[in-house]
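One file, model_36.pdb, carrying PDB, C-alpha atoms and all ligand atoms:
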ATOM      1  CA  MET P   1       5.039  -2.921  42.968
ATOM      2  CA  LEU P   2       2.740  -1.039  40.635
ATOM      3  CA  SER P   3      -0.302   0.584  42.276
ATOM      4  CA  ARG P   4      -3.839  -0.409  41.291
ATOM      5  CA  VAL P   5      -4.427   2.972  39.690
ATOM      6  CA  ASP P   6      -1.279   2.772  37.562
ATOM      7  CA  TYR P   7      -1.937  -0.863  36.652
ATOM      8  CA  ILE P   8      -5.453  -0.132  35.368
ATOM      9  CA  ARG P   9      -4.636   3.109  33.644
ATOM     10  CA  GLN P  10      -1.417   1.979  31.961
ATOM     11  CA  SER P  11      -3.013  -1.288  30.793
ATOM     12  CA  LEU P  12      -6.056   0.373  29.239
ATOM     13  CA  GLU P  13      -4.068   3.187  27.644
ATOM     14  CA  THR P  14      -1.675   0.644  26.123
ATOM     15  CA  HIS P  15      -4.586  -1.320  24.633
ATOM     16  CA  LEU P  16      -6.342   1.762  23.304
ATOM     17  CA  PHE P  17      -3.210   2.731  21.395
ATOM     18  CA  LEU P  18      -1.602  -0.599  20.500
ATOM     19  CA  GLY P  19      -4.774  -2.743  20.288
ATOM     20  CA  ARG P  20      -5.971  -0.513  17.473
ATOM     21  CA  ILE P  21      -2.514  -0.669  15.896
ATOM     22  CA  MET P  22      -2.715  -4.509  15.866
ATOM     23  CA  LYS P  23      -6.239  -4.400  14.418
ATOM     24  CA  GLU P  24      -4.896  -2.265  11.585
ATOM     25  CA  HIS P  25      -1.750  -4.341  11.031
ATOM     26  CA  SER P  26      -4.064  -7.317  10.548
ATOM     27  CA  PHE P  27      -5.954  -5.300   7.959
ATOM     28  CA  PHE P  28      -2.734  -4.288   6.134
ATOM     29  CA  LEU P  29      -1.685  -7.945   6.062
ATOM     30  CA  GLN P  30      -5.127  -9.140   4.961
ATOM     31  CA  THR P  31      -5.272  -6.856   1.929
ATOM     32  CA  ALA P  32      -1.722  -7.520   0.681
ATOM     33  CA  PHE P  33      -1.768 -11.282   0.049
ATOM     34  CA  THR P  34      -2.301 -12.828  -3.375
ATOM     35  CA  PRO P  35      -5.480 -14.910  -3.943
ATOM     36  CA  ARG P  36      -3.346 -18.081  -3.580
ATOM     37  CA  ASP P  37      -2.946 -17.425   0.172
ATOM     38  CA  ASP P  38      -6.607 -17.516   1.121
ATOM     39  CA  LYS P  39      -5.863 -19.234   4.462
ATOM     40  CA  PHE P  40      -3.582 -16.355   5.417
ATOM     41  CA  ILE P  41      -6.266 -13.855   4.383
ATOM     42  CA  LYS P  42      -8.729 -15.643   6.685
ATOM     43  CA  HIS P  43      -6.256 -15.733   9.583
ATOM     44  CA  ALA P  44      -5.542 -12.001   9.205
ATOM     45  CA  ASP P  45      -9.278 -11.306   9.101
ATOM     46  CA  ASP P  46      -9.816 -13.344  12.307
ATOM     47  CA  LEU P  47      -7.027 -11.429  14.058
ATOM     48  CA  ARG P  48      -8.453  -8.107  12.874
ATOM     49  CA  LEU P  49     -11.855  -8.972  14.315
ATOM     50  CA  ALA P  50     -10.397 -10.293  17.581
ATOM     51  CA  PHE P  51      -8.285  -7.171  18.151
ATOM     52  CA  GLY P  52     -11.349  -5.107  17.236
ATOM     53  CA  GLU P  53     -13.361  -6.842  19.972
ATOM     54  CA  LEU P  54     -10.527  -6.310  22.447
ATOM     55  CA  LEU P  55     -10.418  -2.622  21.531
ATOM     56  CA  GLU P  56     -14.175  -2.305  21.843
ATOM     57  CA  ASP P  57     -14.151  -3.878  25.327
ATOM     58  CA  CYS P  58     -11.255  -1.657  26.423
ATOM     59  CA  THR P  59     -13.060   1.438  25.170
ATOM     60  CA  ALA P  60     -16.086   0.539  27.305
ATOM     61  CA  LEU P  61     -13.853   0.114  30.390
ATOM     62  CA  ALA P  62     -11.622   3.128  29.775
ATOM     63  CA  ASN P  63     -14.176   5.921  29.998
ATOM     64  CA  GLY P  64     -13.514   8.015  33.102
ATOM     65  CA  VAL P  65     -10.225   6.191  33.706
ATOM     66  CA  ILE P  66      -7.610   7.389  31.214
ATOM     67  CA  SER P  67      -5.224  10.275  31.829
ATOM     68  CA  ARG P  68      -5.650  13.749  30.423
ATOM     69  CA  GLU P  69      -2.355  13.315  28.496
ATOM     70  CA  ALA P  70      -3.538  10.140  26.748
ATOM     71  CA  ALA P  71      -6.934  11.639  25.936
ATOM     72  CA  ALA P  72      -5.322  14.718  24.390
ATOM     73  CA  SER P  73      -2.366  12.994  22.696
ATOM     74  CA  GLY P  74      -3.951  11.920  19.404
ATOM     75  CA  GLU P  75      -2.505   8.406  19.892
ATOM     76  CA  ILE P  76      -5.929   6.771  20.385
ATOM     77  CA  ILE P  77      -7.607   8.403  17.402
ATOM     78  CA  THR P  78      -6.848  11.540  15.401
ATOM     79  CA  GLN P  79      -9.073  14.115  13.750
ATOM     80  CA  TYR P  80      -8.758  12.012  10.560
ATOM     81  CA  THR P  81      -9.291   8.443  11.830
ATOM     82  CA  LEU P  82     -13.011   8.133  11.195
ATOM     83  CA  GLU P  83     -12.798   9.612   7.720
ATOM     84  CA  ALA P  84      -9.726   7.509   6.893
ATOM     85  CA  GLU P  85     -11.585   4.390   7.967
ATOM     86  CA  LYS P  86     -14.628   5.270   5.882
ATOM     87  CA  LEU P  87     -12.563   5.896   2.751
ATOM     88  CA  THR P  88     -10.577   2.701   3.365
ATOM     89  CA  GLU P  89     -13.847   0.766   3.704
ATOM     90  CA  PHE P  90     -15.015   2.340   0.435
ATOM     91  CA  TYR P  91     -11.802   1.299  -1.375
ATOM     92  CA  THR P  92     -11.620  -2.267  -0.030
ATOM     93  CA  GLY P  93     -15.183  -3.307   0.785
ATOM     94  CA  ILE P  94     -13.939  -4.474   4.212
ATOM     95  CA  SER P  95     -15.957  -3.233   7.181
ATOM     96  CA  LEU P  96     -13.757  -1.616   9.860
ATOM     97  CA  ASN P  97     -16.349  -1.219  12.630
ATOM     98  CA  THR P  98     -16.297   2.563  12.849
ATOM     99  CA  LYS P  99     -18.596   2.293  15.892
ATOM    100  CA  ILE P 100     -15.456   1.804  17.984
ATOM    101  CA  THR P 101     -13.997   5.038  16.654
ATOM    102  CA  GLN P 102     -17.236   6.874  17.418
ATOM    103  CA  ALA P 103     -17.162   5.516  20.983
ATOM    104  CA  GLU P 104     -13.508   6.512  21.393
ATOM    105  CA  LYS P 105     -14.399  10.076  20.446
ATOM    106  CA  GLY P 106     -16.418  10.248  23.666
ATOM    107  CA  LEU P 107     -13.652   8.909  25.966
ATOM    108  CA  ALA P 108     -13.208  11.190  28.955
ATOM    109  CA  PRO P 109     -10.318  11.274  31.444
ATOM    110  CA  GLY P 110     -10.993  10.614  35.123
ATOM    111  CA  ASN P 111     -10.167   8.666  38.275
ATOM    112  CA  ASP P 112     -12.889   6.043  38.458
ATOM    113  CA  PHE P 113     -10.856   3.037  39.706
ATOM    114  CA  THR P 114     -12.514   0.058  41.406
ATOM    115  CA  PRO P 115     -11.365  -3.447  42.455
ATOM    116  CA  LEU P 116     -13.865  -4.885  39.944
ATOM    117  CA  LEU P 117     -12.234  -2.891  37.166
ATOM    118  CA  GLU P 118      -8.850  -4.227  38.230
ATOM    119  CA  ARG P 119     -10.092  -7.825  37.803
ATOM    120  CA  ARG P 120     -11.562  -7.014  34.411
ATOM    121  CA  VAL P 121      -8.302  -5.438  33.273
ATOM    122  CA  PHE P 122      -6.392  -8.506  34.444
ATOM    123  CA  ALA P 123      -8.631 -10.674  32.225
ATOM    124  CA  ILE P 124      -8.292  -8.275  29.275
ATOM    125  CA  ASN P 125      -4.501  -8.359  29.595
ATOM    126  CA  ARG P 126      -4.495 -12.153  29.511
ATOM    127  CA  ARG P 127      -6.684 -12.115  26.435
ATOM    128  CA  ALA P 128      -4.353  -9.596  24.777
ATOM    129  CA  LEU P 129      -1.275 -11.722  25.541
ATOM    130  CA  SER P 130      -2.837 -14.744  23.890
ATOM    131  CA  LEU P 131      -3.812 -12.708  20.802
ATOM    132  CA  LEU P 132      -0.316 -11.225  20.716
ATOM    133  CA  ASP P 133       1.304 -14.661  20.726
ATOM    134  CA  ASP P 134      -0.911 -15.480  17.763
ATOM    135  CA  ILE P 135      -0.137 -12.334  15.754
ATOM    136  CA  ILE P 136       3.603 -12.498  16.519
ATOM    137  CA  GLN P 137       3.734 -16.078  15.259
ATOM    138  CA  PHE P 138       1.708 -15.100  12.193
ATOM    139  CA  LYS P 139       3.890 -12.103  11.279
ATOM    140  CA  THR P 140       7.050 -14.150  11.830
ATOM    141  CA  THR P 141       5.825 -16.862   9.451
ATOM    142  CA  ILE P 142       4.892 -14.330   6.751
ATOM    143  CA  LEU P 143       8.209 -12.496   7.068
ATOM    144  CA  ASN P 144      10.204 -15.742   6.861
ATOM    145  CA  ASP P 145       8.183 -17.013   3.894
ATOM    146  CA  VAL P 146       8.676 -13.721   2.065
ATOM    147  CA  LEU P 147      12.407 -13.618   2.818
ATOM    148  CA  CYS P 148      12.979 -17.105   1.438
ATOM    149  CA  CYS P 149      10.736 -16.400  -1.581
ATOM    150  CA  LYS P 150       8.009 -18.869  -0.646
ATOM    151  CA  MET P 151       5.424 -16.065  -0.560
ATOM    152  CA  PHE P 152       4.686 -12.795  -2.322
ATOM    153  CA  THR P 153       2.803  -9.979  -0.602
ATOM    154  CA  LEU P 154       2.373  -6.284  -1.371
ATOM    155  CA  ASN P 155       3.883  -5.370   2.014
ATOM    156  CA  TYR P 156       7.574  -4.529   2.052
ATOM    157  CA  PRO P 157       9.693  -7.061   3.996
ATOM    158  CA  LEU P 158      10.823  -4.116   6.151
ATOM    159  CA  LEU P 159       7.169  -3.334   6.926
ATOM    160  CA  LEU P 160       6.629  -6.944   8.033
ATOM    161  CA  ASP P 161       9.668  -6.720  10.287
ATOM    162  CA  HIS P 162       8.521  -3.299  11.551
ATOM    163  CA  ILE P 163       5.017  -4.445  12.534
ATOM    164  CA  LEU P 164       6.516  -7.541  14.168
ATOM    165  CA  ARG P 165       8.685  -5.315  16.386
ATOM    166  CA  GLU P 166       5.634  -3.223  17.336
ATOM    167  CA  ALA P 167       3.744  -6.381  18.355
ATOM    168  CA  LYS P 168       6.692  -7.563  20.455
ATOM    169  CA  LEU P 169       6.860  -4.182  22.207
ATOM    170  CA  TYR P 170       3.139  -4.440  22.998
ATOM    171  CA  ARG P 171       3.585  -7.931  24.455
ATOM    172  CA  ARG P 172       6.585  -6.813  26.523
ATOM    173  CA  LEU P 173       4.610  -3.866  27.966
ATOM    174  CA  ILE P 174       1.581  -6.010  28.895
ATOM    175  CA  GLN P 175       3.715  -8.791  30.350
ATOM    176  CA  ARG P 176       5.452  -6.244  32.532
ATOM    177  CA  LEU P 177       2.125  -4.786  33.675
ATOM    178  CA  GLN P 178       0.820  -8.267  34.508
ATOM    179  CA  SER P 179       3.796  -8.876  36.790
ATOM    180  CA  ARG P 180       3.113  -5.426  38.359
ATOM    181  CA  GLU P 181       6.643  -4.351  37.627
ATOM    182  CA  GLN P 182       7.357  -0.709  38.400
ATOM    183  CA  ILE P 183       8.956   0.861  35.340
ATOM    184  CA  ASN P 184      12.439   2.304  35.585
ATOM    185  CA  ILE P 185      11.495   5.385  33.605
ATOM    186  CA  LEU P 186      15.065   6.442  32.765
ATOM    187  CA  ARG P 187      15.987   3.022  31.377
ATOM    188  CA  GLU P 188      12.677   3.053  29.544
ATOM    189  CA  ALA P 189      13.462   6.459  28.034
ATOM    190  CA  PHE P 190      16.782   5.183  26.635
ATOM    191  CA  GLU P 191      15.189   2.100  25.088
ATOM    192  CA  GLN P 192      11.996   3.609  23.778
ATOM    193  CA  GLU P 193      13.671   6.606  22.168
ATOM    194  CA  ALA P 194      15.892   4.363  20.094
ATOM    195  CA  PHE P 195      12.901   2.144  19.261
ATOM    196  CA  TRP P 196      10.552   4.926  18.126
ATOM    197  CA  ASN P 197      13.220   6.951  16.298
ATOM    198  CA  GLN P 198      13.841   3.871  14.163
ATOM    199  CA  ILE P 199      10.071   3.443  13.655
ATOM    200  CA  MET P 200       9.804   7.081  12.500
ATOM    201  CA  ALA P 201      12.704   6.589  10.036
ATOM    202  CA  GLU P 202      11.014   3.514   8.588
ATOM    203  CA  HIS P 203       7.654   5.294   8.265
ATOM    204  CA  ALA P 204       9.405   7.987   6.239
ATOM    205  CA  TYR P 205      10.874   5.330   3.935
ATOM    206  CA  PHE P 206       7.506   3.529   3.582
ATOM    207  CA  ILE P 207       5.878   6.818   2.597
ATOM    208  CA  ARG P 208       8.755   7.539   0.184
ATOM    209  CA  GLY P 209       8.310   4.136  -1.429
ATOM    210  CA  LEU P 210       4.511   4.249  -1.718
ATOM    211  CA  LEU P 211       4.211   7.699  -3.307
ATOM    212  CA  ASP P 212       3.630   7.959  -7.029
ATOM    213  CA  PRO P 213       6.992   8.504  -8.790
ATOM    214  CA  THR P 214       5.765  11.915  -9.958
ATOM    215  CA  GLU P 215       5.326  13.212  -6.378
ATOM    216  CA  GLU P 216       8.938  14.376  -6.302
ATOM    217  CA  GLU P 217       8.635  17.046  -3.636
ATOM    218  CA  LEU P 218       6.888  14.762  -1.138
ATOM    219  CA  PHE P 219       9.361  11.988  -2.028
ATOM    220  CA  ASN P 220      12.289  14.274  -1.194
ATOM    221  CA  THR P 221      10.723  15.451   2.075
ATOM    222  CA  ALA P 222      10.055  11.853   3.140
ATOM    223  CA  ASN P 223      13.612  10.929   2.227
ATOM    224  CA  ARG P 224      15.026  13.771   4.338
ATOM    225  CA  PHE P 225      12.931  12.688   7.343
ATOM    226  CA  GLY P 226      14.201   9.135   6.890
ATOM    227  CA  HIS P 227      17.818  10.266   7.076
ATOM    228  CA  GLU P 228      17.141  12.615   9.992
ATOM    229  CA  PHE P 229      15.566   9.811  12.036
ATOM    230  CA  ASP P 230      18.325   7.352  11.047
ATOM    231  CA  LYS P 231      20.778   9.796  12.616
ATOM    232  CA  LEU P 232      18.611  10.175  15.748
ATOM    233  CA  THR P 233      18.309   6.390  16.044
ATOM    234  CA  CYS P 234      22.118   6.085  16.046
ATOM    235  CA  GLU P 235      22.452   8.892  18.570
ATOM    236  CA  SER P 236      19.861   7.459  20.941
ATOM    237  CA  LYS P 237      21.508   4.021  20.730
ATOM    238  CA  GLU P 238      24.882   5.603  21.510
ATOM    239  CA  ALA P 239      23.410   7.474  24.495
ATOM    240  CA  MET P 240      21.877   4.168  25.642
ATOM    241  CA  ASP P 241      25.146   2.189  25.265
ATOM    242  CA  ARG P 242      27.125   4.813  27.136
ATOM    243  CA  ALA P 243      24.307   5.326  29.686
ATOM    244  CA  MET P 244      24.803   9.084  29.423
ATOM    245  CA  PRO P 245      21.745  11.010  30.654
ATOM    246  CA  ALA P 246      23.266  14.297  29.397
ATOM    247  CA  ASP P 247      23.523  12.892  25.855
ATOM    248  CA  LEU P 248      20.008  11.507  26.105
ATOM    249  CA  SER P 249      18.699  14.878  27.158
ATOM    250  CA  ARG P 250      20.050  16.424  23.935
ATOM    251  CA  VAL P 251      18.740  13.534  21.807
ATOM    252  CA  THR P 252      15.306  13.885  23.445
ATOM    253  CA  ARG P 253      15.220  17.568  22.541
ATOM    254  CA  GLU P 254      16.249  16.857  18.942
ATOM    255  CA  SER P 255      13.838  13.918  18.643
ATOM    256  CA  LEU P 256      10.991  16.107  19.866
ATOM    257  CA  GLN P 257      11.735  18.712  17.179
ATOM    258  CA  ALA P 258      12.030  16.097  14.429
ATOM    259  CA  THR P 259       8.900  14.240  15.548
ATOM    260  CA  LYS P 260       6.841  17.433  15.499
ATOM    261  CA  GLY P 261       8.081  17.878  11.933
ATOM    262  CA  ILE P 262       7.152  14.376  10.773
ATOM    263  CA  ARG P 263       3.843  14.573  12.671
ATOM    264  CA  ASP P 264       2.909  17.674  10.628
ATOM    265  CA  PHE P 265       4.089  16.005   7.424
ATOM    266  CA  LYS P 266       1.964  12.910   8.136
ATOM    267  CA  ALA P 267      -1.066  15.019   9.095
ATOM    268  CA  GLN P 268      -0.822  16.978   5.831
ATOM    269  CA  GLY P 269      -0.325  13.720   3.942
ATOM    270  CA  THR P 270      -3.389  12.109   5.539
ATOM    271  CA  GLN P 271      -5.472  15.158   4.737
ATOM    272  CA  GLY P 272      -4.127  15.218   1.182
ATOM    273  CA  LEU P 273      -5.086  11.562   0.669
ATOM    274  CA  LEU P 274      -8.571  12.149   2.074
ATOM    275  CA  GLU P 275      -9.021  15.089  -0.289
ATOM    276  CA  CYS P 276      -7.666  13.109  -3.267
ATOM    277  CA  LYS P 277      -4.782  15.552  -3.706
ATOM    278  CA  ILE P 278      -1.856  13.118  -3.511
ATOM    279  CA  LYS P 279      -1.010  10.382  -6.018
ATOM    280  CA  SER P 280       0.131   7.241  -4.223
ATOM    281  CA  ILE P 281      -0.574   3.635  -3.261
ATOM    282  CA  ILE P 282      -0.900   4.601   0.429
ATOM    283  CA  ILE P 283      -4.215   3.383   1.845
ATOM    284  CA  PRO P 284      -5.650   6.292   3.927
ATOM    285  CA  LEU P 285      -5.806   4.221   7.108
ATOM    286  CA  LEU P 286      -2.041   3.563   6.874
ATOM    287  CA  ALA P 287      -1.366   7.300   6.752
ATOM    288  CA  ASP P 288      -3.498   7.913   9.843
ATOM    289  CA  HIS P 289      -1.904   4.892  11.568
ATOM    290  CA  THR P 290       1.603   6.343  11.192
ATOM    291  CA  LEU P 291       0.299   9.727  12.380
ATOM    292  CA  ARG P 292      -1.004   8.125  15.597
ATOM    293  CA  GLU P 293       2.362   6.451  16.176
ATOM    294  CA  ALA P 294       4.060   9.858  15.835
ATOM    295  CA  ASN P 295       1.560  11.314  18.326
ATOM    296  CA  HIS P 296       2.378   8.494  20.747
ATOM    297  CA  PHE P 297       6.114   9.120  20.428
ATOM    298  CA  LEU P 298       5.521  12.838  21.063
ATOM    299  CA  LYS P 299       3.613  11.996  24.242
ATOM    300  CA  LEU P 300       6.513   9.815  25.434
ATOM    301  CA  LEU P 301       9.126  12.440  24.562
ATOM    302  CA  LYS P 302       7.259  15.074  26.566
ATOM    303  CA  ILE P 303       7.159  12.716  29.574
ATOM    304  CA  PHE P 304      10.887  11.962  29.215
ATOM    305  CA  GLN P 305      11.715  15.647  28.890
ATOM    306  CA  ASN P 306       9.812  16.487  32.077
ATOM    307  CA  LEU P 307      11.915  13.951  33.986
ATOM    308  CA  ARG P 308      14.895  16.240  33.767
TER     309      ARG P 308
HETATM  310 FE    FE P 401       2.199   0.172  13.222
HETATM  311 FE    FE P 402       4.785   1.820  12.685
END
Give the structure from the file, written as structure tokens.
Ligand SMILES: [Fe+2]
Ligand SMILES: [Fe+2]
Amino acid sequence: MLSRVDYIRQSLETHLFLGRIMKEHSFFLQTAFTPRDDKFIKHADDLRLAFGELLEDCTALANGVISREAAASGEIITQYTLEAEKLTEFYTGISLNTKITQAEKGLAPGNDFTPLLERRVFAINRRALSLLDDIIQFKTTILNDVLCCKMFTLNYPLLLDHILREAKLYRRLIQRLQSREQINILREAFEQEAFWNQIMAEHAYFIRGLLDPTEEELFNTANRFGHEFDKLTCESKEAMDRAMPADLSRVTRESLQATKGIRDFKAQGTQGLLECKIKSIIIPLLADHTLREANHFLKLLKIFQNLR
């Protein structure tokens, strides 16, 4: 049985990271439809606002509650998030509620746990699960329509599949917290390493595919990261299938090295986009979004490494 402290902290930290991710997925969906699909645009906009409200409420509850690791990880916001949001607002005319980002800048770690907070978190988790059912259904429909050529969007089919998997992970984590299940951290390490190595590979390929064709050097670097993380995905799946902690230990070490590399690449890329130094069709918020996911994976890898 999960303790009250762990239940509150893990729930809020999950929302601060993945609630924002869902808000942004909704935005990426919203801006990639053709004018024909105005109902889909509206649905994506509604989801974006609803996840924004969830994130705002979680931010208000999370001050003085989150861990030092989460606060310092760069998974909640990065040094670029606010600027990336402002430039993305400028490009699209869509307001991203940067007030939330400002509030998140002030989030402090601490141990301020109360029974009232526990009840509030329980309600927030239920709200998140209902929103997640909605967004999972929505992404599934879009992906299926695109795959059978009933719909055209500017998002790659692989990106639709990718953001669907991230939503399903979020739902699985919250469902588990709601049932107060204690996490088997070793089993979790096996599963999550394979999951996030694949996510990192796909980010590299999205970046590769969204760069201007003249950005050859960046294209080649992205391509190399893609292949490196494909290899790590296979290795972490093998370690998982064989249930070999010794193999996993090596894969964790290698994944940590590779993820530091792609984190730096994404940080430079985000900065380059903000400074108008890279030619691409990457919206700045997408670059920062993938940077936060790398920061999250790094946080997990450090936890997994300390287990051994
Ligand atoms: Fe994502
Ligand atoms: Fe992602």
Could you name the residues that touch P:Phe297 at 9 Å or less, counting all atoms listed in the file, but leaving out those on the same chain fewer than 2 positions away, as a list in words? Glu75, Gln192, Glu193, Trp196, Asn197, Met200, Leu256, Thr259, Arg292, Glu293, Ala294, Asn295, Lys299, Leu300, Leu301 and Lys302 of chain P
Quick one, how far is atom CA of P:Val121 from atom CA of P:Glu53? 14.3 Å
Would you work out the distance separating atom CA of P:Lys23 from atom CA of P:Ala222, expressed in Å to one decimal? 25.6 Å
Within 9 Å of stretch 204-216 of chain P using all atoms listed in the file, minus same-chain residues under 4 positions, as number ranges by chain: P: 156, 158-159, 199-200, 220-227, 229, 262, 278-282, 287
Selection from above, C-alpha atoms, as a compact mmCIF listing (two decimals), keeping the file's coordinate frame, can you write it?
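Listed below is the output, selection_28.txt:
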# COMPACT_ATOMS: atom_id res chain seq x y z
CA TYR P 156 7.57 -4.53 2.05
CA LEU P 158 10.82 -4.12 6.15
CA LEU P 159 7.17 -3.33 6.93
CA ILE P 199 10.07 3.44 13.66
CA MET P 200 9.80 7.08 12.50
CA ASN P 220 12.29 14.27 -1.19
CA THR P 221 10.72 15.45 2.08
CA ALA P 222 10.06 11.85 3.14
CA ASN P 223 13.61 10.93 2.23
CA ARG P 224 15.03 13.77 4.34
CA PHE P 225 12.93 12.69 7.34
CA GLY P 226 14.20 9.14 6.89
CA HIS P 227 17.82 10.27 7.08
CA PHE P 229 15.57 9.81 12.04
CA ILE P 262 7.15 14.38 10.77
CA ILE P 278 -1.86 13.12 -3.51
CA LYS P 279 -1.01 10.38 -6.02
CA SER P 280 0.13 7.24 -4.22
CA ILE P 281 -0.57 3.64 -3.26
CA ILE P 282 -0.90 4.60 0.43
CA ALA P 287 -1.37 7.30 6.75
Can I get the residues close to ligand FE 401 (chain P) as a PDB file with C-alpha atoms, keeping the file's coordinate frame, where close means within 8 Å and we count only C-alpha atoms and all ligand atoms?
ATOM      1  CA  ILE P  21      -2.514  -0.669  15.896  1.00  0.00           C
ATOM      2  CA  MET P  22      -2.715  -4.509  15.866  1.00  0.00           C
ATOM      3  CA  GLU P  24      -4.896  -2.265  11.585  1.00  0.00           C
ATOM      4  CA  HIS P  25      -1.750  -4.341  11.031  1.00  0.00           C
ATOM      5  CA  HIS P 162       8.521  -3.299  11.551  1.00  0.00           C
ATOM      6  CA  ILE P 163       5.017  -4.445  12.534  1.00  0.00           C
ATOM      7  CA  GLU P 166       5.634  -3.223  17.336  1.00  0.00           C
ATOM      8  CA  HIS P 289      -1.904   4.892  11.568  1.00  0.00           C
ATOM      9  CA  THR P 290       1.603   6.343  11.192  1.00  0.00           C
ATOM     10  CA  GLU P 293       2.362   6.451  16.176  1.00  0.00           C
TER      11      GLU P 293
END
Hey, which of P:Asn144, P:Asn63, P:Gln10, P:Thr31 ends up closest to P:Thr88? Count all atoms listed in the file.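 Nearest to P:Thr88: P:Thr31.
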Could you tell me, as a list of chain:residue names, exactly which residues end up selected when the PyMOL selection byres (((chain P and resi 305) around 12) and not hetatm) is applied to this structure?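 Residues picked by the PyMOL selection byres (((chain P and resi 305) around 12) and not hetatm): P:Ile185, P:Leu186, P:Ala189, P:Phe190, P:Glu193, P:Pro245, P:Ala246, P:Leu248, P:Ser249, P:Arg250, P:Val251, P:Thr252, P:Arg253, P:Glu254, P:Ser255, P:Leu256, P:Leu298, P:Lys299, P:Leu300, P:Leu301, P:Lys302, P:Ile303, P:Phe304, P:Asn306, P:Leu307, P:Arg308.
Once the PyMOL selection byres (((chain P and resi 109) around 8) and not hetatm) is applied to this file, the selection holds Asn63, Gly64, Val65, Ile66, Ser67, Arg68, Ala71, Leu107, Ala108, Gly110 and Asn111 of chain P.
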Exactly which residues make up the result of the PyMOL selection byres (((chain P and resi 36-41) around 12) and not hetatm) on this file, given as a PyMOL selection string? chain P and resi 26-35+42-48+135+138-139+141-142+145+150-153
Here is a test: counting only C-alpha atoms and all ligand atoms, which residue of P:Leu117, P:Ile76, P:Ala167, P:Ile94 is nearest to ligand FE 402 (chain P)? P:Ala167
When you look at P:Gly52 with a cut-off of 8 Å (counting only C-alpha atoms), what residues show up, excluding the ones that are within fewer than 5 positions of it in the same chain? I need them as JSON, numbers by chain. {"P": [19, 20, 23, 97]}
Six-sided padding of 6 Å per side, axis-aligned box over stretch 286-305 of chain P, centre and edges in Å, one decimal, as AutoDock Vina command-line options:
--center_x 4.1 --center_y 9.6 --center_z 18.2 --size_x 27.2 --size_y 24.1 --size_z 34.8
Pick from P:Thr114, P:Gln175, P:Thr92, P:Gln257 nearest to P:Ser130, counting all atoms listed in the file: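 Between P:Thr114, P:Gln175, P:Thr92, P:Gln257, the residue approaching P:Ser130 most closely is P:Gln175.
Closest approach to ligand FE 402 (chain P) among P:Leu169, P:Leu96, P:Leu16, P:Ala128: P:Leu169, based on all atoms listed in the file.
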Write out N, CA and C atoms for stretch 202-214 of chain P, as a PDB file, in the frame of the given file.
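And here's result-v5.pdb as it stands now:
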ATOM      1  N   GLU P 202      11.597   4.502   9.504  1.00  0.00           N
ATOM      2  CA  GLU P 202      11.014   3.514   8.588  1.00  0.00           C
ATOM      3  C   GLU P 202       9.689   4.017   8.001  1.00  0.00           C
ATOM      4  N   HIS P 203       8.890   4.698   8.816  1.00  0.00           N
ATOM      5  CA  HIS P 203       7.654   5.294   8.265  1.00  0.00           C
ATOM      6  C   HIS P 203       7.994   6.217   7.097  1.00  0.00           C
ATOM      7  N   ALA P 204       9.020   7.045   7.295  1.00  0.00           N
ATOM      8  CA  ALA P 204       9.405   7.987   6.239  1.00  0.00           C
ATOM      9  C   ALA P 204       9.760   7.217   4.954  1.00  0.00           C
ATOM     10  N   TYR P 205      10.487   6.106   5.123  1.00  0.00           N
ATOM     11  CA  TYR P 205      10.874   5.330   3.935  1.00  0.00           C
ATOM     12  C   TYR P 205       9.675   4.596   3.321  1.00  0.00           C
ATOM     13  N   PHE P 206       8.719   4.152   4.154  1.00  0.00           N
ATOM     14  CA  PHE P 206       7.506   3.529   3.582  1.00  0.00           C
ATOM     15  C   PHE P 206       6.749   4.564   2.753  1.00  0.00           C
ATOM     16  N   ILE P 207       6.593   5.761   3.321  1.00  0.00           N
ATOM     17  CA  ILE P 207       5.878   6.818   2.597  1.00  0.00           C
ATOM     18  C   ILE P 207       6.616   7.120   1.289  1.00  0.00           C
ATOM     19  N   ARG P 208       7.938   7.271   1.379  1.00  0.00           N
ATOM     20  CA  ARG P 208       8.755   7.539   0.184  1.00  0.00           C
ATOM     21  C   ARG P 208       8.491   6.485  -0.893  1.00  0.00           C
ATOM     22  N   GLY P 209       8.440   5.237  -0.469  1.00  0.00           N
ATOM     23  CA  GLY P 209       8.310   4.136  -1.429  1.00  0.00           C
ATOM     24  C   GLY P 209       6.894   3.896  -1.946  1.00  0.00           C
ATOM     25  N   LEU P 210       5.900   4.491  -1.299  1.00  0.00           N
ATOM     26  CA  LEU P 210       4.511   4.249  -1.718  1.00  0.00           C
ATOM     27  C   LEU P 210       3.910   5.442  -2.458  1.00  0.00           C
ATOM     28  N   LEU P 211       4.675   6.536  -2.536  1.00  0.00           N
ATOM     29  CA  LEU P 211       4.211   7.699  -3.307  1.00  0.00           C
ATOM     30  C   LEU P 211       4.326   7.404  -4.798  1.00  0.00           C
ATOM     31  N   ASP P 212       3.482   8.052  -5.580  1.00  0.00           N
ATOM     32  CA  ASP P 212       3.630   7.959  -7.029  1.00  0.00           C
ATOM     33  C   ASP P 212       4.982   8.562  -7.416  1.00  0.00           C
ATOM     34  N   PRO P 213       5.666   7.974  -8.404  1.00  0.00           N
ATOM     35  CA  PRO P 213       6.992   8.504  -8.790  1.00  0.00           C
ATOM     36  C   PRO P 213       6.976   9.977  -9.202  1.00  0.00           C
ATOM     37  N   THR P 214       5.815  10.495  -9.558  1.00  0.00           N
ATOM     38  CA  THR P 214       5.765  11.915  -9.958  1.00  0.00           C
ATOM     39  C   THR P 214       5.691  12.871  -8.760  1.00  0.00           C
TER      40      THR P 214
END
